[in-house]
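A.B. asks: Let me begin by handing over the structure; questions about it come next.
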Amino acid sequence: MAIADLRREYNLTGLRRRDLAADPIAQFQRWFDQAMGARASGRIRKIFIKLYKKLLLASGAELLDLTAMTLATADKQGRPSARVVLLKGVDQRGFIFFTNYESRKGQELAENPHAALVLYWPEQEREVCIAGEISPLPPAESDAYFRSRPHGSRLAAWASKQSTDVKDRAALEERWRQLEAQYTNKEIPRPPFWGGYLLSPARMEFWQGRPNRLHDRFRYSRQPDKTWLIERLSP
């Protein structure tokens, strides 16, 4: 079968203006909770998420990473690049992820802080597009998240000079083993070149698949008075 012949129809549900929250962050959280199948909060929600993952793994079902999002950046010449990162937090400020500041994306964000995120949840036939300006998180927030990471992931943040050439896999693993020996029974500090970013949205779009490609699509645009203008867009 040719690639052009691969098709799917979108029949689950629709999206109406009256269904939308006034604030796009609240609307995003609503959709995310629905994608997780959880509407509880706090400790109960965390327990549900762990149970949900275990049940999926036990059943042999594919475990979709609902926090995976495409991050698009551009350098100072406007040349774009994109990659998948993991969403690690959402609050009224915006969307949080963590990475190496010296990576290609880190260098591009230093040159041009305007970026975009896309999250796609195929089981819900939904997509969220977010655009705005990115800034580094305060060091204390990056420190707190780094301490929460698994031991091996903290070592990997030191071992990997992200986006640079590496001789081979063996060299990378040897560097990791050296760090493991160095930090045996010791607290691993956050590397100065690693931390969090916050994307503060200026525009968010919510897309719901519909039959015959007549999808529902709404755009939130931040206004000068900090309110949000909601408009339906042609699909």
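Ordering of the structure tokens sets the chain letters (A, B, ...), residue numbers begin anew at 1 in every chain, and ligands are numbered from 1 in the order given.
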Enumerate the residues of segment 176-224 of chain A with a DSSP assignment of strand (DSSP E or B), computed from the backbone, and present them as a VMD selection string.
C.D. replies: chain A and resid 194 to 208 216 to 222
A.B. asks: Using C-alpha atoms, can you write the selected residues to a file as a short mmCIF file (atom, residue, chain, number, x, y, z; two decimals), in the first residue's frame?
C.D. replies:
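Saved as again-v7.cif:
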```cif
data_model
loop_
_atom_site.label_atom_id
_atom_site.label_comp_id
_atom_site.auth_asym_id
_atom_site.auth_seq_id
_atom_site.Cartn_x
_atom_site.Cartn_y
_atom_site.Cartn_z
CA TRP A 194 21.17 21.34 32.59
CA GLY A 195 17.78 22.61 33.74
CA GLY A 196 14.25 23.60 32.97
CA TYR A 197 12.48 25.85 30.52
CA LEU A 198 9.05 27.46 30.68
CA LEU A 199 7.02 28.23 27.57
CA SER A 200 4.56 31.05 28.30
CA PRO A 201 1.80 30.69 25.69
CA ALA A 202 0.68 33.58 23.53
CA ARG A 203 -1.43 31.32 21.33
CA MET A 204 -2.98 27.88 21.82
CA GLU A 205 -5.03 25.79 19.41
CA PHE A 206 -7.26 22.82 20.23
CA TRP A 207 -8.03 20.43 17.38
CA GLN A 208 -10.65 17.69 17.51
CA ASP A 216 -13.20 21.30 14.94
CA ARG A 217 -10.42 23.79 15.62
CA PHE A 218 -10.34 26.64 18.13
CA ARG A 219 -7.64 29.22 18.77
CA TYR A 220 -6.97 31.09 22.01
CA SER A 221 -5.02 34.35 21.52
CA ARG A 222 -3.68 36.29 24.50
#
```
A.B. asks: Would you mind writing down, as JSON, numbers by chain, each residue of segment 3-235 of chain A that DSSP on the backbone assigns to helix (DSSP H, G or I)?
C.D. replies: {"A": [3, 4, 5, 17, 18, 19, 24, 25, 26, 27, 28, 29, 30, 31, 32, 33, 34, 35, 36, 42, 43, 44, 45, 46, 47, 48, 49, 50, 51, 52, 53, 54, 55, 56, 57, 58, 59, 104, 105, 106, 107, 108, 109, 110, 111, 122, 123, 124, 139, 140, 141, 142, 143, 144, 145, 146, 147, 148, 151, 152, 153, 154, 155, 156, 157, 158, 159, 169, 170, 171, 172, 173, 174, 175, 176, 177, 178, 179, 180, 181, 182, 211, 212, 213]}
A.B. asks: Pull C-alpha atoms from the residues just selected and write them as a CSV table (one decimal), in the first residue's frame.
C.D. replies:
```
chain,number,residue,atom,x,y,z
A,3,ILE,CA,1.8,5.9,1.9
A,4,ALA,CA,-0.7,8.3,0.3
A,5,ASP,CA,-3.4,5.5,0.6
A,17,ARG,CA,-17.5,26.7,21.6
A,18,ARG,CA,-19.6,26.2,24.8
A,19,ASP,CA,-17.4,23.2,25.7
A,24,PRO,CA,-6.6,27.6,27.7
A,25,ILE,CA,-4.4,26.2,30.5
A,26,ALA,CA,-7.6,24.9,32.2
A,27,GLN,CA,-8.8,23.5,28.8
A,28,PHE,CA,-5.5,21.8,28.3
A,29,GLN,CA,-5.6,20.2,31.8
A,30,ARG,CA,-9.2,19.0,31.1
A,31,TRP,CA,-8.1,17.3,27.9
A,32,PHE,CA,-5.0,15.9,29.5
A,33,ASP,CA,-7.0,14.4,32.4
A,34,GLN,CA,-9.4,12.9,29.9
A,35,ALA,CA,-6.5,11.4,28.0
A,36,MET,CA,-5.2,9.8,31.2
A,42,GLY,CA,-3.0,15.0,44.0
A,43,ARG,CA,-1.9,11.7,45.5
A,44,ILE,CA,-5.0,9.8,44.3
A,45,ARG,CA,-4.2,10.9,40.7
A,46,LYS,CA,-0.6,9.8,40.9
A,47,ILE,CA,-1.7,6.4,42.2
A,48,PHE,CA,-4.2,6.0,39.4
A,49,ILE,CA,-1.5,6.9,36.8
A,50,LYS,CA,0.9,4.2,38.1
A,51,LEU,CA,-1.9,1.6,38.2
A,52,TYR,CA,-3.0,2.6,34.7
A,53,LYS,CA,0.5,2.0,33.4
A,54,LYS,CA,0.9,-1.3,35.1
A,55,LEU,CA,-2.4,-2.5,33.7
A,56,LEU,CA,-1.5,-1.5,30.2
A,57,LEU,CA,1.9,-3.3,30.4
A,58,ALA,CA,0.3,-6.4,31.9
A,59,SER,CA,-2.3,-6.5,29.0
A,104,ARG,CA,21.1,22.4,19.8
A,105,LYS,CA,17.7,23.4,21.2
A,106,GLY,CA,19.3,25.2,24.1
A,107,GLN,CA,21.6,27.1,21.8
A,108,GLU,CA,18.7,28.0,19.5
A,109,LEU,CA,16.5,29.1,22.4
A,110,ALA,CA,19.4,31.4,23.6
A,111,GLU,CA,19.4,33.0,20.1
A,122,PRO,CA,-4.4,9.7,18.7
A,123,GLU,CA,-6.7,7.7,20.9
A,124,GLN,CA,-8.7,10.8,21.6
A,139,PRO,CA,17.5,27.5,39.4
A,140,ALA,CA,15.6,26.4,42.6
A,141,GLU,CA,12.9,24.8,40.5
A,142,SER,CA,15.5,23.0,38.3
A,143,ASP,CA,17.3,21.8,41.4
A,144,ALA,CA,14.1,20.4,42.9
A,145,TYR,CA,13.2,18.5,39.7
A,146,PHE,CA,16.7,17.2,39.2
A,147,ARG,CA,16.7,15.7,42.8
A,148,SER,CA,13.5,13.8,41.9
A,151,HIS,CA,19.8,8.0,40.0
A,152,GLY,CA,20.8,6.8,36.5
A,153,SER,CA,19.1,9.7,34.8
A,154,ARG,CA,21.0,12.2,37.0
A,155,LEU,CA,24.3,10.5,36.0
A,156,ALA,CA,23.3,10.6,32.4
A,157,ALA,CA,22.8,14.4,32.5
A,158,TRP,CA,26.5,14.7,33.4
A,159,ALA,CA,27.7,12.0,31.1
A,169,ARG,CA,28.5,3.9,22.5
A,170,ALA,CA,31.3,2.4,24.5
A,171,ALA,CA,32.8,5.8,25.2
A,172,LEU,CA,29.4,7.1,26.4
A,173,GLU,CA,28.9,4.1,28.7
A,174,GLU,CA,32.4,4.4,30.1
A,175,ARG,CA,31.8,8.0,31.0
A,176,TRP,CA,28.6,7.0,32.8
A,177,ARG,CA,30.4,4.2,34.8
A,178,GLN,CA,33.1,6.7,35.8
A,179,LEU,CA,30.5,9.0,37.2
A,180,GLU,CA,28.7,6.2,38.9
A,181,ALA,CA,31.9,5.4,40.8
A,182,GLN,CA,32.5,9.0,41.5
A,211,PRO,CA,-15.5,13.0,9.9
A,212,ASN,CA,-14.7,14.0,6.3
A,213,ARG,CA,-11.8,16.2,7.5
```
A.B. asks: Write out as a PDB file with C-alpha atoms, in the first residue's frame which residues come within 6 Å of Ser103 of chain A when counting only C-alpha atoms, dropping same-chain ones fewer than 3 positions away.
C.D. replies:
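Ended up saving to selection36.pdb:
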```pdb
ATOM      1  CA  ASN A 100      20.711  20.400  28.390  1.00  0.00           C
ATOM      2  CA  GLY A 106      19.307  25.178  24.111  1.00  0.00           C
ATOM      3  CA  GLN A 162      24.016  16.523  24.271  1.00  0.00           C
ATOM      4  CA  SER A 163      24.093  17.214  20.512  1.00  0.00           C
TER       5      SER A 163
END
```
A.B. asks: For atom CA of Leu87 of chain A and atom CA of Thr67 of chain A, determine how far apart the two atoms are, in Å to one decimal place.
C.D. replies: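 These atoms are spaced 4.9 Å apart.
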A.B. asks: What does the structure give for the distance between atom CA of Ile130 of chain A and atom CA of Val118 of chain A, in Å to one decimal?
C.D. replies: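 Distance reported for this atom pair: 6.3 Å.
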